>>> print(open('work_16.txt').read())   # compact mmCIF, C-alpha atoms
# COMPACT_ATOMS: atom_id res chain seq x y z
CA MET A 1 0.00 0.00 0.00
CA LYS A 2 2.79 2.35 0.91
CA ARG A 3 4.60 1.47 -2.34
CA ARG A 4 1.48 2.26 -4.39
CA SER A 5 1.10 5.63 -2.66
CA MET A 6 4.73 6.47 -3.34
CA LEU A 7 4.36 5.52 -7.01
CA ALA A 8 1.23 7.66 -7.34
CA LEU A 9 2.97 10.65 -5.77
CA THR A 10 5.96 10.19 -8.06
CA ALA A 11 3.71 10.08 -11.11
CA THR A 12 1.90 13.23 -10.00
CA ALA A 13 5.18 15.07 -9.45
CA ALA A 14 6.40 14.07 -12.90
CA ALA A 15 3.22 15.24 -14.58
CA HIS A 16 2.75 18.45 -12.55
CA PRO A 17 6.08 19.50 -11.06
CA ALA A 18 5.04 23.12 -10.48
CA ALA A 19 1.90 22.10 -8.60
CA VAL A 20 3.92 19.92 -6.25
CA LEU A 21 6.73 22.40 -5.66
CA ALA A 22 4.47 25.39 -5.02
CA GLN A 23 0.94 26.49 -5.53
CA ALA A 24 0.42 29.38 -7.94
CA PRO A 25 0.51 32.66 -5.97
CA LYS A 26 -2.78 34.47 -5.50
CA VAL A 27 -3.35 37.35 -7.87
CA TYR A 28 -5.09 40.18 -6.03
CA ARG A 29 -7.59 42.31 -7.92
CA ILE A 30 -7.69 45.90 -6.70
CA ALA A 31 -10.30 48.22 -8.16
CA VAL A 32 -9.81 51.99 -8.17
CA LEU A 33 -12.98 54.10 -8.27
CA GLU A 34 -12.07 57.67 -9.16
CA THR A 35 -13.55 60.99 -10.22
CA VAL A 36 -11.12 61.70 -13.06
CA PRO A 37 -9.42 59.51 -15.70
CA ALA A 38 -6.10 57.89 -14.86
CA GLY A 39 -4.29 60.23 -17.25
CA GLU A 40 -5.39 63.20 -15.11
CA ASN A 41 -4.53 61.43 -11.87
CA THR A 42 -1.02 60.26 -12.66
CA ARG A 43 0.82 61.48 -9.57
CA ASN A 44 -1.70 60.02 -7.10
CA PHE A 45 -2.14 56.74 -8.95
CA GLU A 46 1.60 56.22 -9.27
CA ALA A 47 2.04 56.90 -5.53
CA LEU A 48 -0.46 54.13 -4.81
CA ARG A 49 1.30 51.75 -7.17
CA GLN A 50 4.69 52.57 -5.67
CA GLY A 51 3.39 51.89 -2.18
CA LEU A 52 2.02 48.55 -3.30
CA ARG A 53 5.26 47.61 -5.05
CA GLU A 54 7.24 48.33 -1.90
CA ARG A 55 4.99 45.87 -0.09
CA GLY A 56 5.47 43.12 -2.64
CA TYR A 57 2.46 43.63 -4.90
CA VAL A 58 3.59 43.70 -8.51
CA GLU A 59 1.30 44.28 -11.48
CA GLY A 60 1.60 41.46 -13.94
CA GLY A 61 2.64 39.16 -11.08
CA ASN A 62 0.46 38.93 -7.99
CA LEU A 63 -1.57 42.08 -8.67
CA THR A 64 -3.99 43.51 -11.19
CA ILE A 65 -5.47 47.01 -10.91
CA GLU A 66 -8.70 48.01 -12.60
CA TYR A 67 -9.32 51.75 -12.85
CA ARG A 68 -12.78 53.22 -13.29
CA SER A 69 -13.51 56.94 -13.61
CA ALA A 70 -16.85 58.71 -13.28
CA ASP A 71 -15.39 61.57 -15.37
CA GLY A 72 -16.72 64.15 -12.95
CA GLN A 73 -20.28 62.75 -13.06
CA ALA A 74 -21.13 61.63 -9.54
CA GLU A 75 -24.30 59.89 -10.69
CA ARG A 76 -22.15 57.30 -12.47
CA PHE A 77 -20.50 56.00 -9.30
CA PRO A 78 -23.21 53.52 -8.20
CA ALA A 79 -23.15 51.63 -11.50
CA LEU A 80 -19.35 51.64 -11.62
CA ALA A 81 -19.10 50.34 -8.06
CA LYS A 82 -21.54 47.50 -8.78
CA GLU A 83 -19.57 46.63 -11.93
CA LEU A 84 -16.33 46.36 -9.96
CA VAL A 85 -17.91 44.20 -7.28
CA ALA A 86 -19.48 41.91 -9.90
CA GLY A 87 -16.08 41.67 -11.60
CA GLY A 88 -14.57 40.01 -8.54
CA ALA A 89 -12.56 42.83 -6.98
CA ASP A 90 -10.75 41.83 -3.79
CA LEU A 91 -10.63 45.44 -2.60
CA ILE A 92 -11.86 48.84 -3.76
CA VAL A 93 -9.94 52.12 -3.48
CA THR A 94 -11.97 55.34 -3.62
CA ARG A 95 -11.48 59.08 -3.54
CA GLY A 96 -14.21 61.48 -2.48
CA THR A 97 -17.59 61.13 -0.82
CA PRO A 98 -19.72 60.01 -3.80
CA ALA A 99 -17.28 57.21 -4.66
CA ALA A 100 -17.04 56.01 -1.05
CA ARG A 101 -20.81 56.05 -0.66
CA ALA A 102 -21.27 54.11 -3.89
CA ALA A 103 -18.78 51.45 -2.80
CA LYS A 104 -20.42 51.18 0.62
CA GLU A 105 -23.85 50.73 -0.96
CA ALA A 106 -22.59 48.25 -3.58
CA THR A 107 -21.08 45.76 -1.12
CA SER A 108 -20.93 44.89 2.55
CA THR A 109 -18.19 42.31 2.08
CA VAL A 110 -15.55 43.61 -0.34
CA PRO A 111 -13.29 45.92 1.72
CA THR A 112 -13.02 49.56 0.71
CA VAL A 113 -10.05 51.84 1.39
CA MET A 114 -10.77 55.54 1.04
CA ALA A 115 -7.56 57.10 -0.26
CA ALA A 116 -9.12 60.46 0.57
CA ILE A 117 -12.52 61.66 1.70
CA GLY A 118 -13.59 65.02 3.05
CA GLU A 119 -15.62 64.21 6.18
CA PRO A 120 -16.18 60.45 6.51
CA LEU A 121 -17.93 60.71 9.86
CA GLY A 122 -20.02 63.74 8.98
CA VAL A 123 -21.47 62.13 5.84
CA GLY A 124 -22.19 58.83 7.55
CA VAL A 125 -19.72 56.63 5.70
CA VAL A 126 -18.15 55.35 8.95
CA ASP A 127 -19.49 54.72 12.45
CA SER A 128 -16.52 56.45 14.07
CA LEU A 129 -13.00 57.45 13.15
CA ALA A 130 -11.46 55.10 15.68
CA ARG A 131 -13.59 52.11 14.63
CA PRO A 132 -15.17 52.80 11.24
CA GLY A 133 -17.08 49.51 11.24
CA GLY A 134 -18.36 47.47 8.36
CA ASN A 135 -16.00 46.95 5.44
CA ILE A 136 -14.55 50.44 5.06
CA THR A 137 -11.64 52.55 6.32
CA GLY A 138 -9.09 54.99 4.93
CA PHE A 139 -7.99 58.61 5.14
CA SER A 140 -9.76 61.87 5.86
CA ALA A 141 -8.55 64.80 3.75
CA TYR A 142 -9.20 67.31 6.56
CA VAL A 143 -10.96 69.62 4.08
CA THR A 144 -13.13 71.69 6.42
CA GLU A 145 -10.29 72.99 8.55
CA LEU A 146 -8.20 73.85 5.51
CA ALA A 147 -10.89 75.94 3.82
CA GLY A 148 -10.37 78.72 6.34
CA LYS A 149 -6.61 78.49 6.02
CA ARG A 150 -6.82 79.22 2.29
CA VAL A 151 -8.68 82.46 3.04
CA GLU A 152 -5.88 83.43 5.43
CA LEU A 153 -3.29 82.74 2.73
CA LEU A 154 -5.16 84.84 0.18
CA LYS A 155 -5.39 87.79 2.57
CA GLY A 156 -1.75 87.40 3.60
CA ALA A 157 -0.54 87.31 0.03
CA PHE A 158 -2.85 90.00 -1.34
CA PRO A 159 -3.76 92.45 1.47
CA SER A 160 -5.90 94.63 -0.78
CA ILE A 161 -8.62 92.02 -1.32
CA ARG A 162 -11.97 92.85 0.24
CA ARG A 163 -14.39 90.13 -0.86
CA VAL A 164 -13.57 86.44 -1.26
CA GLY A 165 -15.73 83.93 -3.04
CA PHE A 166 -16.01 80.24 -2.19
CA MET A 167 -16.65 78.02 -5.22
CA GLN A 168 -17.97 74.48 -4.85
CA HIS A 169 -20.91 72.21 -5.63
CA MET A 170 -23.08 72.81 -2.57
CA GLY A 171 -24.98 69.60 -3.20
CA ASN A 172 -21.88 67.76 -1.99
CA PRO A 173 -22.37 67.09 1.75
CA VAL A 174 -18.79 68.15 2.55
CA ALA A 175 -19.32 71.60 1.00
CA PRO A 176 -21.51 73.37 3.63
CA PRO A 177 -18.97 72.91 6.46
CA GLN A 178 -16.25 74.31 4.20
CA TRP A 179 -18.43 77.30 3.37
CA GLU A 180 -18.99 77.92 7.09
CA ALA A 181 -15.24 77.73 7.73
CA THR A 182 -14.64 80.15 4.85
CA GLN A 183 -17.15 82.65 6.29
CA GLN A 184 -15.64 82.44 9.75
CA ALA A 185 -12.11 83.01 8.48
CA ALA A 186 -13.25 85.90 6.27
CA ALA A 187 -15.07 87.59 9.16
CA THR A 188 -12.01 87.27 11.38
CA LEU A 189 -9.91 88.96 8.71
CA GLY A 190 -12.43 91.73 8.03
CA LEU A 191 -13.42 90.32 4.63
CA SER A 192 -16.80 89.74 3.05
CA ALA A 193 -17.51 86.20 1.84
CA GLU A 194 -19.66 85.26 -1.15
CA LEU A 195 -20.92 81.78 -1.99
CA VAL A 196 -20.34 80.66 -5.58
CA ASP A 197 -22.43 77.50 -5.88
CA VAL A 198 -21.70 75.66 -9.13
CA ARG A 199 -23.29 72.36 -10.14
CA SER A 200 -22.32 71.94 -13.79
CA GLU A 201 -19.70 72.96 -16.32
CA ALA A 202 -22.07 75.61 -17.67
CA GLU A 203 -22.59 77.09 -14.22
CA ILE A 204 -18.84 77.42 -13.75
CA GLY A 205 -18.67 79.67 -16.80
CA GLN A 206 -21.69 81.66 -15.66
CA ALA A 207 -20.20 82.08 -12.19
CA PHE A 208 -16.95 83.55 -13.47
CA ALA A 209 -18.86 85.90 -15.76
CA GLY A 210 -20.64 87.28 -12.68
CA LEU A 211 -17.69 87.64 -10.30
CA ALA A 212 -16.89 91.23 -11.24
CA GLY A 213 -20.52 92.28 -10.80
CA ARG A 214 -20.48 90.76 -7.32
CA GLN A 215 -17.19 92.58 -6.59
CA ILE A 216 -15.43 89.32 -5.76
CA ASP A 217 -11.70 89.98 -6.03
CA ALA A 218 -10.37 86.67 -4.72
CA LEU A 219 -11.59 83.11 -4.93
CA SER A 220 -11.16 79.92 -2.90
CA VAL A 221 -12.05 76.70 -4.71
CA GLY A 222 -13.26 73.65 -2.79
CA ILE A 223 -12.42 70.13 -3.89
CA ASP A 224 -15.02 67.77 -5.28
CA GLY A 225 -15.71 65.80 -8.43
CA LEU A 226 -16.94 68.85 -10.34
CA THR A 227 -13.99 71.12 -9.60
CA GLN A 228 -11.54 68.27 -10.22
CA ALA A 229 -13.09 67.33 -13.55
CA HIS A 230 -13.17 70.94 -14.73
CA ALA A 231 -9.96 72.17 -13.11
CA VAL A 232 -8.48 73.37 -16.39
CA LEU A 233 -11.62 75.39 -17.17
CA ILE A 234 -11.63 77.00 -13.72
CA ILE A 235 -7.93 77.86 -13.98
CA ARG A 236 -8.37 79.34 -17.46
CA LEU A 237 -11.34 81.49 -16.43
CA ALA A 238 -9.57 82.68 -13.28
CA ALA A 239 -6.61 83.77 -15.41
CA ALA A 240 -8.84 85.48 -17.96
CA GLY A 241 -10.61 87.41 -15.21
CA LYS A 242 -7.39 88.19 -13.33
CA VAL A 243 -8.87 86.63 -10.19
CA VAL A 244 -6.36 85.54 -7.55
CA THR A 245 -7.44 82.05 -6.61
CA ALA A 246 -6.47 79.51 -3.96
CA TYR A 247 -7.01 75.83 -4.69
CA PRO A 248 -7.32 72.77 -2.44
CA ALA A 249 -4.63 70.57 -4.01
CA ARG A 250 -1.33 70.83 -5.86
CA GLU A 251 -2.77 69.23 -9.00
CA PHE A 252 -4.60 72.50 -9.67
CA VAL A 253 -1.38 74.50 -9.44
CA GLU A 254 0.47 72.05 -11.65
CA ALA A 255 -2.27 72.67 -14.23
CA GLY A 256 -1.68 76.45 -14.03
CA GLY A 257 -3.50 77.58 -10.89
CA LEU A 258 -1.97 80.31 -8.71
CA LEU A 259 -1.56 78.66 -5.30
CA SER A 260 -2.81 75.71 -3.31
CA TYR A 261 -2.88 74.61 0.28
CA GLY A 262 -4.06 71.19 1.32
CA PRO A 263 -3.06 67.64 2.10
CA SER A 264 -0.51 65.93 -0.07
CA TYR A 265 -2.81 63.59 -1.97
CA PRO A 266 0.12 61.55 -3.35
CA ASP A 267 1.18 60.97 0.25
CA LEU A 268 -2.34 59.80 1.17
CA TYR A 269 -2.39 57.40 -1.78
CA PHE A 270 1.05 56.08 -0.85
CA ARG A 271 -0.07 55.52 2.75
CA ALA A 272 -3.23 53.82 1.51
CA ALA A 273 -1.02 50.99 0.23
CA SER A 274 -0.07 50.07 3.81
CA VAL A 275 -3.74 49.79 4.78
CA ILE A 276 -4.44 47.71 1.67
CA ASP A 277 -1.59 45.39 2.63
CA ARG A 278 -2.97 44.92 6.13
CA ILE A 279 -6.41 44.05 4.78
CA LEU A 280 -5.12 41.64 2.16
CA ARG A 281 -3.17 39.92 4.94
CA GLY A 282 -6.35 39.37 6.91
CA ALA A 283 -7.14 42.51 8.92
CA LYS A 284 -10.74 43.74 8.92
CA ALA A 285 -11.19 47.14 7.30
CA GLY A 286 -13.74 48.22 9.90
CA ASP A 287 -11.25 47.64 12.71
CA ILE A 288 -8.59 49.94 11.21
CA PRO A 289 -8.95 53.59 12.34
CA VAL A 290 -9.51 56.32 9.78
CA GLN A 291 -6.29 58.30 9.57
CA GLN A 292 -5.59 62.00 9.07
CA PRO A 293 -3.14 63.69 6.69
CA THR A 294 0.36 63.99 8.09
CA LYS A 295 1.69 66.12 5.24
CA LEU A 296 0.14 69.45 4.31
CA GLU A 297 1.67 71.44 1.49
CA MET A 298 1.56 74.89 -0.04
CA VAL A 299 2.43 75.11 -3.72
CA ILE A 300 2.75 78.37 -5.67
CA ASN A 301 2.92 78.86 -9.43
CA LEU A 302 5.18 81.87 -9.95
CA LYS A 303 4.60 81.90 -13.71
CA THR A 304 0.86 82.25 -13.12
CA ALA A 305 1.48 85.07 -10.63
CA ASN A 306 3.49 86.93 -13.25
CA THR A 307 0.77 86.36 -15.84
CA LEU A 308 -1.83 87.75 -13.43
CA GLY A 309 0.42 90.70 -12.69
CA VAL A 310 0.53 90.07 -8.95
CA ALA A 311 3.51 89.83 -6.63
CA VAL A 312 3.62 87.00 -4.12
CA PRO A 313 5.40 88.09 -0.90
CA ARG A 314 8.89 86.70 -0.46
CA SER A 315 7.92 85.38 2.95
CA MET A 316 5.22 83.24 1.36
CA LEU A 317 7.53 82.00 -1.37
CA ALA A 318 10.04 81.03 1.30
CA ALA A 319 7.35 79.20 3.27
CA ALA A 320 6.01 77.31 0.25
CA ASP A 321 6.75 73.61 -0.03
CA GLU A 322 7.27 74.09 -3.76
CA VAL A 323 7.39 77.04 -6.14
CA LEU A 324 6.73 76.28 -9.78
CA ASP A 325 8.28 78.62 -12.31
>>> encode(input="work_16.txt", output="structure tokens")
Amino acid sequence: MKRRSMLALTATAAAHPAAVLAQAPKVYRIAVLETVPAGENTRNFEALRQGLRERGYVEGGNLTIEYRSADGQAERFPALAKELVAGGADLIVTRGTPAARAAKEATSTVPTVMAAIGEPLGVGVVDSLARPGGNITGFSAYVTELAGKRVELLKGAFPSIRRVGFMQHMGNPVAPPQWEATQQAAATLGLSAELVDVRSEAEIGQAFAGLAGRQIDALSVGIDGLTQAHAVLIIRLAAAGKVVTAYPAREFVEAGGLLSYGPSYPDLYFRAASVIDRILRGAKAGDIPVQQPTKLEMVINLKTANTLGVAVPRSMLAAADEVLD
């Protein structure tokens, strides 16, 4: 009997040597659910991929990444999330509230890592920051607190401004708290604040056409799917109207915006890889605390300042994390 078993094992090894020596490694399927196409999200996406590579996840080896973009249309997220779940994703990575909500509604089992979200607790995506619960965790982008800081930077850089506008889609649940923070900062600095609620590409154009009539001489732009998807349009119209504008992320400044102050989104995406690794190794997403940004950055585009005909104080240039020229 023992001899027959040995012969059978030998025959199996001869026919399938790889199966005996080692089982094929698992190939993890990570789905990325984003607002903008991958080509417009290169820095963040590459930071995520780098973080995964450093933890042993290699595309073409033990990892595949599927990228889906809503192209700035939040109503597309639910269908995209369901498609990714049906496709067998092992984990979903999201950015922004609509994407996180769509993933949460699409599945209660596939873990979701929020690479960045404005106010996860405030919009009901998690039970608490310490124990998010369910199948979701990730990183808060700290957007409310930073909205007021951008008003301070605008006033510090351009002391003559009197009225600052806040531009964002107010249908986004993270927008009202940012508007409140903007008003509070403006009042403290002796400025008037004007709400510029935009909900479509057409409304962005209409809003800029009306800024002069509303005597808005500076603008703070909030971050959401609409402003991300139409960043180039916003930057172009701000330049055409000679409106000094502060943005919520460096990607706007790299596209030609004047200045930005906000979390380093590439850093958040890079850190998301460590959370992904923990989950793929068996940790429960809902047991991993939601984390805060550890790297905030100010980026200034000196070429844009020259085009607008404004001088950025040397003290601000010295304090900037990066000056593009």
>>> closest_residue(input="work_16.txt", among="A:Thr137, A:Thr42, A:Thr35, A:Asn172", to="Val290 (chain A)", atoms="all atoms listed in the file")
A:Thr137
>>> closest_atom_pairs(input="work_16.txt", of="region 31-98 of chain A", to="region 119-135 of chain A", cutoff="10 Å", atoms="only C-alpha atoms", output="Markdown table")
| residue | atom | partner | partner_atom | distance |
| --- | --- | --- | --- | --- |
| A:Leu91 | CA | A:Asn135 | CA | 9.8 |
| A:Gly96 | CA | A:Glu119 | CA | 9.2 |
| A:Thr97 | CA | A:Pro120 | CA | 7.5 |
>>> residues_around(input="work_16.txt", residues="Ile300 (chain A)", least_positions_apart="5", cutoff="8 Å", atoms="all atoms listed in the file", output="PyMOL selection string")
chain A and resi 253+258-260+317+320+322-324
>>> residues_around(input="work_16.txt", residues="region 214-227 of chain A", least_positions_apart="4", cutoff="8 Å", atoms="all atoms listed in the file", output="count of residues only")
36
>>> closest_residue(input="work_16.txt", among="A:Leu80, A:Ile204, A:Ala305, A:Ala99", to="Gly118 (chain A)", atoms="all atoms listed in the file")
A:Ala99
>>> atom_distance(input="work_16.txt", atom1="CA of Asp277 (chain A)", atom2="CA of Leu52 (chain A)")
7.6 Å
>>> closest_residue(input="work_16.txt", among="A:Leu280, A:Ala212, A:Met114, A:Val275", to="Gly138 (chain A)", atoms="all atoms listed in the file")
A:Met114
>>> closest_residue(input="work_16.txt", among="A:Pro313, A:Gly262, A:Pro98, A:Gly56", to="Lys295 (chain A)", atoms="only C-alpha atoms")
A:Gly262
>>> atom_distance(input="work_16.txt", atom1="CA of Pro173 (chain A)", atom2="CA of Phe270 (chain A)")
26.0 Å
>>> axis_aligned_box(input="work_16.txt", around="region 181-193 of chain A", padding_each_side="3 Å", output="AutoDock Vina command-line options")
--center_x -13.7 --center_y 84.7 --center_z 6.6 --size_x 13.6 --size_y 20.0 --size_z 15.5
>>> residues_around(input="work_16.txt", residues="Pro266 (chain A)", least_positions_apart="5", cutoff="7 Å", atoms="all atoms listed in the file", output="ChimeraX atom specification")
/A:43-44,47
>>> closest_residue(input="work_16.txt", among="A:Glu59, A:Glu251, A:Asp90, A:Glu46", to="Arg29 (chain A)", atoms="all atoms listed in the file")
A:Asp90
>>> closest_residue(input="work_16.txt", among="A:Ala100, A:Ala157, A:Gly205, A:Arg95", to="Arg314 (chain A)", atoms="all atoms listed in the file")
A:Ala157
>>> atom_distance(input="work_16.txt", atom1="CA of Arg55 (chain A)", atom2="CA of Ser274 (chain A)")
7.6 Å
>>> residues_around(input="work_16.txt", residues="Thr64 (chain A)", least_positions_apart="4", cutoff="10 Å", atoms="all atoms listed in the file", output="VMD selection string")
chain A and resid 27 to 31 57 to 60 89
>>> residues_around(input="work_16.txt", residues="Asp325 (chain A)", least_positions_apart="4", cutoff="7 Å", atoms="all atoms listed in the file", output="PDB file with C-alpha atoms, in the frame of the given file")
ATOM      1  CA  ASN A 301       2.920  78.860  -9.430  1.00  0.00           C
ATOM      2  CA  LEU A 302       5.180  81.870  -9.950  1.00  0.00           C
ATOM      3  CA  LYS A 303       4.600  81.900 -13.710  1.00  0.00           C
TER       4      LYS A 303
END
>>> decode(input="work_16.txt", residues="region 70-138 of chain A", atoms="C-alpha atoms", output="compact mmCIF listing (two decimals), in the first residue's frame")
# COMPACT_ATOMS: atom_id res chain seq x y z
CA ALA A 70 -16.85 58.71 -13.28
CA ASP A 71 -15.39 61.57 -15.37
CA GLY A 72 -16.72 64.15 -12.95
CA GLN A 73 -20.28 62.75 -13.06
CA ALA A 74 -21.13 61.63 -9.54
CA GLU A 75 -24.30 59.89 -10.69
CA ARG A 76 -22.15 57.30 -12.47
CA PHE A 77 -20.50 56.00 -9.30
CA PRO A 78 -23.21 53.52 -8.20
CA ALA A 79 -23.15 51.63 -11.50
CA LEU A 80 -19.35 51.64 -11.62
CA ALA A 81 -19.10 50.34 -8.06
CA LYS A 82 -21.54 47.50 -8.78
CA GLU A 83 -19.57 46.63 -11.93
CA LEU A 84 -16.33 46.36 -9.96
CA VAL A 85 -17.91 44.20 -7.28
CA ALA A 86 -19.48 41.91 -9.90
CA GLY A 87 -16.08 41.67 -11.60
CA GLY A 88 -14.57 40.01 -8.54
CA ALA A 89 -12.56 42.83 -6.98
CA ASP A 90 -10.75 41.83 -3.79
CA LEU A 91 -10.63 45.44 -2.60
CA ILE A 92 -11.86 48.84 -3.76
CA VAL A 93 -9.94 52.12 -3.48
CA THR A 94 -11.97 55.34 -3.62
CA ARG A 95 -11.48 59.08 -3.54
CA GLY A 96 -14.21 61.48 -2.48
CA THR A 97 -17.59 61.13 -0.82
CA PRO A 98 -19.72 60.01 -3.80
CA ALA A 99 -17.28 57.21 -4.66
CA ALA A 100 -17.04 56.01 -1.05
CA ARG A 101 -20.81 56.05 -0.66
CA ALA A 102 -21.27 54.11 -3.89
CA ALA A 103 -18.78 51.45 -2.80
CA LYS A 104 -20.42 51.18 0.62
CA GLU A 105 -23.85 50.73 -0.96
CA ALA A 106 -22.59 48.25 -3.58
CA THR A 107 -21.08 45.76 -1.12
CA SER A 108 -20.93 44.89 2.55
CA THR A 109 -18.19 42.31 2.08
CA VAL A 110 -15.55 43.61 -0.34
CA PRO A 111 -13.29 45.92 1.72
CA THR A 112 -13.02 49.56 0.71
CA VAL A 113 -10.05 51.84 1.39
CA MET A 114 -10.77 55.54 1.04
CA ALA A 115 -7.56 57.10 -0.26
CA ALA A 116 -9.12 60.46 0.57
CA ILE A 117 -12.52 61.66 1.70
CA GLY A 118 -13.59 65.02 3.05
CA GLU A 119 -15.62 64.21 6.18
CA PRO A 120 -16.18 60.45 6.51
CA LEU A 121 -17.93 60.71 9.86
CA GLY A 122 -20.02 63.74 8.98
CA VAL A 123 -21.47 62.13 5.84
CA GLY A 124 -22.19 58.83 7.55
CA VAL A 125 -19.72 56.63 5.70
CA VAL A 126 -18.15 55.35 8.95
CA ASP A 127 -19.49 54.72 12.45
CA SER A 128 -16.52 56.45 14.07
CA LEU A 129 -13.00 57.45 13.15
CA ALA A 130 -11.46 55.10 15.68
CA ARG A 131 -13.59 52.11 14.63
CA PRO A 132 -15.17 52.80 11.24
CA GLY A 133 -17.08 49.51 11.24
CA GLY A 134 -18.36 47.47 8.36
CA ASN A 135 -16.00 46.95 5.44
CA ILE A 136 -14.55 50.44 5.06
CA THR A 137 -11.64 52.55 6.32
CA GLY A 138 -9.09 54.99 4.93
